[in-house]
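Novice: Below: one structure in structure tokens.
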Amino acid sequence: MPAEWEPHGATWLAWPHYREDWPGKFEPIPWVYAEIIRQLAQHEPVELIVNDRASEKRARKVLDRAHALSDKVRFHCWPTNRVWTRDSGCTFAIRESASLAAIEWRFNAWAKYSNWQHDERISGLMARAAGAAEFRPMVKNRQVVLEGGSIDVNGQGCLLTTEECLLSTIQQRNPGMKRSDYERLFAEYLGNRNVIWLKSGIAGDDTHGHIDDLARFVAPDVVAIAVESDPKDPNYQPLRENVRRLREATDQDGKPLSIVELPMPAPIFFEKRRLPASYANFYIANGVVLVPVFNDPNDRFALDLLADLFPDREVVGIYAGDLIWGFGALHCMTQQQPRVGRNGGYA
């Protein structure tokens with residue numbers, strides 16, 4: 001599995017339609033998506049999943065008005081339950097033959113919701129549309145449940161995840177699977193021979209511990225990790241523990257990692273519920289890094305920090321104050337497809 005900053009052939013997204021993911025706040029969401037697509041299409045193709053032809057018509061209208069409709073956007077009419085393509089879609093990788101592979105995990109809506117039957121099919125549909133070889137990881141004759149937001153890689157053989165997401169009995173994805181089972185799968189299917197286990201995710205995370213709200217590789221030997229400065233905040237101690245673990249960890253070659261501390265925005269609440277707002281949910285595309293911002297004083301600090309980490313890319317803030325009511329942001333909604341060269345080699 002290549003690192004996210006390596007060249008993309010495309011970015012996959014699904015157009016928002018399920019109003020219950022943003023109750024009372026759905027109206028601005030398509031416009032947020034339009035701005036994300038407008039930014040991405042300037043740098044790479046966008047593969048956009050829509051529920052049906054009527055949904056495609058609505059999406060085209062919004063994209064056109066937002067100056068985001070172009071020949072870089074290709075539509076796929078496939079029904080979805082939700083639009084968090086990072087989790088429901090396949091994980092793309094590169095085979096030893098330098099061709100595209102799709103790792104098709106099973107999806108069960110984070111072991112929490114009952115409406116996932118359409119989303120479970122998206123992984124295979126994406127794989128076939130991309131012309132990728134399909135692989136379905138199995139343990140004890142069961143297809144393994146995993147979401148893309150639960151892992152992050154450096155493209156050199158090292159993977160980040162959390163114990164809270166993969167090993168907890170709460171929202172348990174794969175009863176009976178142990179740490180060693182996951183590590184074996186990550187080595188076999190993603191080429192990661194070293195797994196760094198952080199402890200837990202951030203407060204308000206509906207997924208129960210996804211890594212992409214918490215810690216992200218920004219270079220083969222550099223991790224940006226969320227930290228909380230307020231000792232009274234429920235994130236304070238858990239995030240300190242994650243930093244401690246990361247300082248003790250090494251990469252795939254046994255070398256220590258450089259750590260960059262990424263601040264948290266002030267807590268965001270809606271209808272008395274804490275939302276999982278985090279700058280770590282950024283998305284790295286060809287030539288651009290899209291960063292969720294929240295009209296918070298730390299927005300500028302986070303954008304400047306990421307601009308220093310990605311000097312060869314434009315760093316763009318996307319207002320996510322409404323989007324986060326759906327319990328996800330920019331990384332949750334996107335899925336990168338690695339670029340494969342015309343001669344069959346990985347480019």
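Ligands are numbered from 1 in the order shown, chains are lettered A, B, ... in the order of the structure tokens, and residues start at 1 in each chain.
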I'd like the neighbourhood of stretch 112-127 of chain A as a PDB file with C-alpha atoms, in the first residue's frame, where a residue qualifies if any of its atoms comes within 9 Å (using only C-alpha atoms), though same-chain residues fewer than 3 positions away should be ignored.

Specialist:
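Ended up saving to part26.pdb:
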```
ATOM      1  CA  TRP A  12     -12.886   8.366  -5.090  1.00  0.00           C
ATOM      2  CA  TRP A  78     -24.125   2.888  -7.586  1.00  0.00           C
ATOM      3  CA  PRO A  79     -26.486   2.984  -4.590  1.00  0.00           C
ATOM      4  CA  THR A  80     -24.864   3.840  -1.242  1.00  0.00           C
ATOM      5  CA  ASN A  81     -26.109   4.014   2.327  1.00  0.00           C
ATOM      6  CA  ARG A  82     -23.575   6.644   3.388  1.00  0.00           C
ATOM      7  CA  VAL A  83     -20.728   8.497   1.778  1.00  0.00           C
ATOM      8  CA  THR A  85     -15.727   6.079   1.017  1.00  0.00           C
ATOM      9  CA  SER A  88     -16.685   1.403   2.733  1.00  0.00           C
ATOM     10  CA  GLY A  89     -14.418   1.437  -0.314  1.00  0.00           C
ATOM     11  CA  CYS A  90     -11.539  -0.878  -1.122  1.00  0.00           C
ATOM     12  CA  THR A  91      -7.948  -0.199  -0.120  1.00  0.00           C
ATOM     13  CA  PHE A  92      -5.821   0.123  -3.235  1.00  0.00           C
ATOM     14  CA  ALA A 101      -4.675  -4.337  -6.521  1.00  0.00           C
ATOM     15  CA  ALA A 102      -7.827  -3.773  -4.486  1.00  0.00           C
ATOM     16  CA  ILE A 103      -8.036  -5.144  -0.968  1.00  0.00           C
ATOM     17  CA  GLU A 104     -11.727  -5.694  -0.331  1.00  0.00           C
ATOM     18  CA  TRP A 105     -12.428  -5.671   3.372  1.00  0.00           C
ATOM     19  CA  ARG A 106     -15.921  -6.436   4.540  1.00  0.00           C
ATOM     20  CA  PHE A 107     -17.875  -3.365   5.699  1.00  0.00           C
ATOM     21  CA  ASN A 108     -20.533  -3.498   8.426  1.00  0.00           C
ATOM     22  CA  ALA A 109     -21.031   0.215   9.250  1.00  0.00           C
ATOM     23  CA  ALA A 130     -10.427   0.665 -11.695  1.00  0.00           C
ATOM     24  CA  GLY A 131      -9.387  -2.596 -13.380  1.00  0.00           C
ATOM     25  CA  ALA A 132      -7.709  -3.798 -10.188  1.00  0.00           C
ATOM     26  CA  ALA A 133      -7.052  -7.381  -9.155  1.00  0.00           C
ATOM     27  CA  GLU A 134      -9.374  -8.222  -6.261  1.00  0.00           C
ATOM     28  CA  GLN A 171     -18.065  -2.022  18.209  1.00  0.00           C
ATOM     29  CA  GLN A 172     -16.109  -5.234  17.700  1.00  0.00           C
ATOM     30  CA  ASP A 206     -18.350   7.525  16.123  1.00  0.00           C
ATOM     31  CA  THR A 207     -15.991   4.839  14.778  1.00  0.00           C
TER      32      THR A 207
END
```

Novice: Using only C-alpha atoms, determine which residues lie at most 10 Å from A:Pro137, disregarding the query and same-chain residues fewer than 4 positions distant; provide the list as a list in words.

Specialist: Ile103, Glu104, Trp105, Arg106, Asn141, Arg142, Gln143, Val144, Val145, Leu146, Leu185, Phe186, Glu188 and Tyr189 of chain A

Novice: Closest to A:Tyr182 among A:Cys77, A:Ala93, A:Leu160, A:Ile170, using only C-alpha atoms?

Specialist: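 Looking only at the distances to A:Tyr182, the closest residue turns out to be A:Leu160.
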
Novice: Using only C-alpha atoms, which residues of stretch 90-197 of chain A come within 9 Å of stretch 253-265 of chain A, and what is the closest atom pair for each, with the distance in Å to one decimal? Give it as JSON lines, sorted by chain and residue number.

Specialist:
```
{"residue": "A:Gly157", "atom": "CA", "partner": "A:Asp253", "partner_atom": "CA", "distance": 8.7}
{"residue": "A:Cys158", "atom": "CA", "partner": "A:Asp253", "partner_atom": "CA", "distance": 9.0}
{"residue": "A:Asn194", "atom": "CA", "partner": "A:Asp253", "partner_atom": "CA", "distance": 8.6}
```

Novice: The selected residues should be written to file as a JSON list (two decimals), in the first residue's frame (atoms: C-alpha atoms).

Specialist:
```
[["chain", "number", "residue", "atom", "x", "y", "z"],
["A", 157, "GLY", "CA", 6.39, -1.05, 5.48],
["A", 158, "CYS", "CA", 5.09, 0.71, 8.59],
["A", 194, "ASN", "CA", 5.81, -3.18, 11.34]]
```

Novice: Name all residues at most 10 Å from A:Gln39 (count only C-alpha atoms; drop same-chain ones fewer than 3 positions away) and give them as a PyMOL selection string.

Specialist: chain A and resi 33-36+42-44+68+285+288-290+316+318

Novice: Create the file for the chosen residues now, containing N, CA and C atoms and written as a compact mmCIF listing (two decimals), in the first residue's frame.

Specialist:
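The resulting file, out21.txt, is shown below:
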```
# COMPACT_ATOMS: atom_id res chain seq x y z
N TYR A 33 -19.01 19.51 -0.44
CA TYR A 33 -18.50 18.49 -1.36
C TYR A 33 -18.07 19.12 -2.69
N ALA A 34 -18.85 20.06 -3.16
CA ALA A 34 -18.53 20.71 -4.43
C ALA A 34 -17.19 21.43 -4.35
N GLU A 35 -16.93 22.09 -3.24
CA GLU A 35 -15.65 22.79 -3.09
C GLU A 35 -14.49 21.80 -3.01
N ILE A 36 -14.69 20.69 -2.33
CA ILE A 36 -13.65 19.65 -2.26
C ILE A 36 -13.36 19.10 -3.65
N GLN A 42 -8.55 19.96 -9.94
CA GLN A 42 -7.46 20.75 -10.51
C GLN A 42 -6.15 19.97 -10.53
N HIS A 43 -6.13 18.84 -9.80
CA HIS A 43 -4.88 18.10 -9.65
C HIS A 43 -4.95 16.64 -10.07
N GLU A 44 -6.15 16.06 -10.09
CA GLU A 44 -6.27 14.64 -10.44
C GLU A 44 -7.72 14.32 -10.77
N ALA A 68 -17.26 23.62 -10.39
CA ALA A 68 -16.50 22.42 -10.06
C ALA A 68 -16.74 21.28 -11.03
N ALA A 285 -3.51 14.92 -1.69
CA ALA A 285 -3.73 14.60 -3.10
C ALA A 285 -2.55 15.09 -3.92
N VAL A 288 -1.89 19.04 -3.73
CA VAL A 288 -2.71 19.78 -2.77
C VAL A 288 -2.94 18.93 -1.52
N VAL A 289 -3.05 19.60 -0.38
CA VAL A 289 -3.47 18.97 0.87
C VAL A 289 -4.71 19.72 1.33
N LEU A 290 -5.81 18.99 1.48
CA LEU A 290 -7.06 19.59 1.94
C LEU A 290 -7.18 19.36 3.44
N VAL A 316 -4.85 23.79 1.51
CA VAL A 316 -6.12 24.50 1.40
C VAL A 316 -7.03 24.12 2.57
N ILE A 318 -10.62 23.71 4.21
CA ILE A 318 -12.02 23.49 3.84
C ILE A 318 -12.86 23.60 5.11
```

Novice: Which residues are near stretch 198-202 of chain A? Cut-off 9 Å, only C-alpha atoms, ignore same chain within fewer than 4 positions. Put them as a ChimeraX atom specification.

Specialist: /A:160-165,207-215,226,234-235,238-239,241-243,245-246,276-278

Novice: With N, CA and C atoms retained, could you export that selection as a PDB file, in the first residue's frame?

Specialist:
```
ATOM      1  N   LEU A 160       0.163   2.496  11.083  1.00  0.00           N
ATOM      2  CA  LEU A 160      -0.382   3.021  12.337  1.00  0.00           C
ATOM      3  C   LEU A 160      -1.820   2.564  12.501  1.00  0.00           C
ATOM      4  N   THR A 161      -2.197   2.198  13.725  1.00  0.00           N
ATOM      5  CA  THR A 161      -3.590   1.903  14.035  1.00  0.00           C
ATOM      6  C   THR A 161      -3.801   2.091  15.529  1.00  0.00           C
ATOM      7  N   THR A 162      -5.016   1.774  16.027  1.00  0.00           N
ATOM      8  CA  THR A 162      -5.283   1.898  17.460  1.00  0.00           C
ATOM      9  C   THR A 162      -5.860   0.605  18.021  1.00  0.00           C
ATOM     10  N   GLU A 163      -5.528   0.355  19.272  1.00  0.00           N
ATOM     11  CA  GLU A 163      -6.101  -0.787  19.979  1.00  0.00           C
ATOM     12  C   GLU A 163      -7.601  -0.599  20.176  1.00  0.00           C
ATOM     13  N   GLU A 164      -8.017   0.644  20.428  1.00  0.00           N
ATOM     14  CA  GLU A 164      -9.432   0.904  20.677  1.00  0.00           C
ATOM     15  C   GLU A 164     -10.292   0.446  19.511  1.00  0.00           C
ATOM     16  N   CYS A 165      -9.846   0.677  18.295  1.00  0.00           N
ATOM     17  CA  CYS A 165     -10.655   0.332  17.125  1.00  0.00           C
ATOM     18  C   CYS A 165     -10.609  -1.157  16.825  1.00  0.00           C
ATOM     19  N   THR A 207     -16.572   6.102  15.245  1.00  0.00           N
ATOM     20  CA  THR A 207     -15.991   4.839  14.778  1.00  0.00           C
ATOM     21  C   THR A 207     -15.305   4.051  15.882  1.00  0.00           C
ATOM     22  N   HIS A 208     -15.169   4.663  17.056  1.00  0.00           N
ATOM     23  CA  HIS A 208     -14.488   4.040  18.192  1.00  0.00           C
ATOM     24  C   HIS A 208     -13.004   3.834  17.893  1.00  0.00           C
ATOM     25  N   GLY A 209     -12.336   4.951  17.566  1.00  0.00           N
ATOM     26  CA  GLY A 209     -10.883   4.908  17.555  1.00  0.00           C
ATOM     27  C   GLY A 209     -10.162   4.933  16.228  1.00  0.00           C
ATOM     28  N   HIS A 210     -10.730   5.505  15.180  1.00  0.00           N
ATOM     29  CA  HIS A 210     -10.016   5.576  13.906  1.00  0.00           C
ATOM     30  C   HIS A 210      -8.738   6.406  14.021  1.00  0.00           C
ATOM     31  N   ILE A 211      -7.699   5.917  13.368  1.00  0.00           N
ATOM     32  CA  ILE A 211      -6.399   6.581  13.410  1.00  0.00           C
ATOM     33  C   ILE A 211      -6.404   7.894  12.633  1.00  0.00           C
ATOM     34  N   ASP A 212      -7.283   8.042  11.625  1.00  0.00           N
ATOM     35  CA  ASP A 212      -7.184   9.234  10.760  1.00  0.00           C
ATOM     36  C   ASP A 212      -7.749  10.494  11.399  1.00  0.00           C
ATOM     37  N   ASP A 213      -8.228  10.419  12.633  1.00  0.00           N
ATOM     38  CA  ASP A 213      -8.534  11.608  13.422  1.00  0.00           C
ATOM     39  C   ASP A 213      -7.427  11.908  14.423  1.00  0.00           C
ATOM     40  N   LEU A 214      -6.379  11.119  14.376  1.00  0.00           N
ATOM     41  CA  LEU A 214      -5.445  11.086  15.493  1.00  0.00           C
ATOM     42  C   LEU A 214      -3.988  11.272  15.098  1.00  0.00           C
ATOM     43  N   ALA A 215      -3.485  10.399  14.215  1.00  0.00           N
ATOM     44  CA  ALA A 215      -2.069  10.420  13.856  1.00  0.00           C
ATOM     45  C   ALA A 215      -1.909  10.006  12.410  1.00  0.00           C
ATOM     46  N   ALA A 226      -2.166  14.429  16.859  1.00  0.00           N
ATOM     47  CA  ALA A 226      -3.001  15.408  17.545  1.00  0.00           C
ATOM     48  C   ALA A 226      -2.649  15.461  19.023  1.00  0.00           C
ATOM     49  N   PRO A 234     -11.267  15.969  27.918  1.00  0.00           N
ATOM     50  CA  PRO A 234     -11.175  14.499  27.952  1.00  0.00           C
ATOM     51  C   PRO A 234     -10.140  13.925  26.992  1.00  0.00           C
ATOM     52  N   ASN A 235      -9.711  14.703  25.992  1.00  0.00           N
ATOM     53  CA  ASN A 235      -8.678  14.221  25.074  1.00  0.00           C
ATOM     54  C   ASN A 235      -7.267  14.347  25.633  1.00  0.00           C
ATOM     55  N   PRO A 238      -5.524  10.837  27.045  1.00  0.00           N
ATOM     56  CA  PRO A 238      -5.372   9.826  25.983  1.00  0.00           C
ATOM     57  C   PRO A 238      -4.400  10.240  24.885  1.00  0.00           C
ATOM     58  N   LEU A 239      -4.417  11.513  24.506  1.00  0.00           N
ATOM     59  CA  LEU A 239      -3.504  11.949  23.459  1.00  0.00           C
ATOM     60  C   LEU A 239      -2.065  11.984  23.951  1.00  0.00           C
ATOM     61  N   GLU A 241      -0.859   9.870  26.072  1.00  0.00           N
ATOM     62  CA  GLU A 241      -0.456   8.471  26.052  1.00  0.00           C
ATOM     63  C   GLU A 241      -0.076   8.032  24.635  1.00  0.00           C
ATOM     64  N   ASN A 242      -0.813   8.502  23.649  1.00  0.00           N
ATOM     65  CA  ASN A 242      -0.481   8.160  22.267  1.00  0.00           C
ATOM     66  C   ASN A 242       0.864   8.745  21.849  1.00  0.00           C
ATOM     67  N   VAL A 243       1.142   9.969  22.269  1.00  0.00           N
ATOM     68  CA  VAL A 243       2.444  10.578  21.968  1.00  0.00           C
ATOM     69  C   VAL A 243       3.554   9.761  22.630  1.00  0.00           C
ATOM     70  N   ARG A 245       3.576   6.574  23.360  1.00  0.00           N
ATOM     71  CA  ARG A 245       3.769   5.323  22.609  1.00  0.00           C
ATOM     72  C   ARG A 245       4.521   5.585  21.305  1.00  0.00           C
ATOM     73  N   LEU A 246       4.184   6.670  20.658  1.00  0.00           N
ATOM     74  CA  LEU A 246       4.830   6.973  19.381  1.00  0.00           C
ATOM     75  C   LEU A 246       6.313   7.281  19.579  1.00  0.00           C
ATOM     76  N   PRO A 276     -16.241  14.884  16.495  1.00  0.00           N
ATOM     77  CA  PRO A 276     -14.835  14.497  16.355  1.00  0.00           C
ATOM     78  C   PRO A 276     -14.035  15.442  15.455  1.00  0.00           C
ATOM     79  N   ALA A 277     -13.991  16.714  15.828  1.00  0.00           N
ATOM     80  CA  ALA A 277     -13.255  17.698  15.035  1.00  0.00           C
ATOM     81  C   ALA A 277     -11.757  17.534  15.261  1.00  0.00           C
ATOM     82  N   SER A 278     -10.999  17.400  14.171  1.00  0.00           N
ATOM     83  CA  SER A 278      -9.559  17.210  14.270  1.00  0.00           C
ATOM     84  C   SER A 278      -8.903  17.646  12.967  1.00  0.00           C
TER      85      SER A 278
END
```

Novice: Which is closest to A:Asn281 among A:Asp205, A:Glu314, A:Asp304, A:Glu228, if we use only C-alpha atoms?

Specialist: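 Of the candidates, the smallest distance to A:Asn281 is held by A:Asp205.
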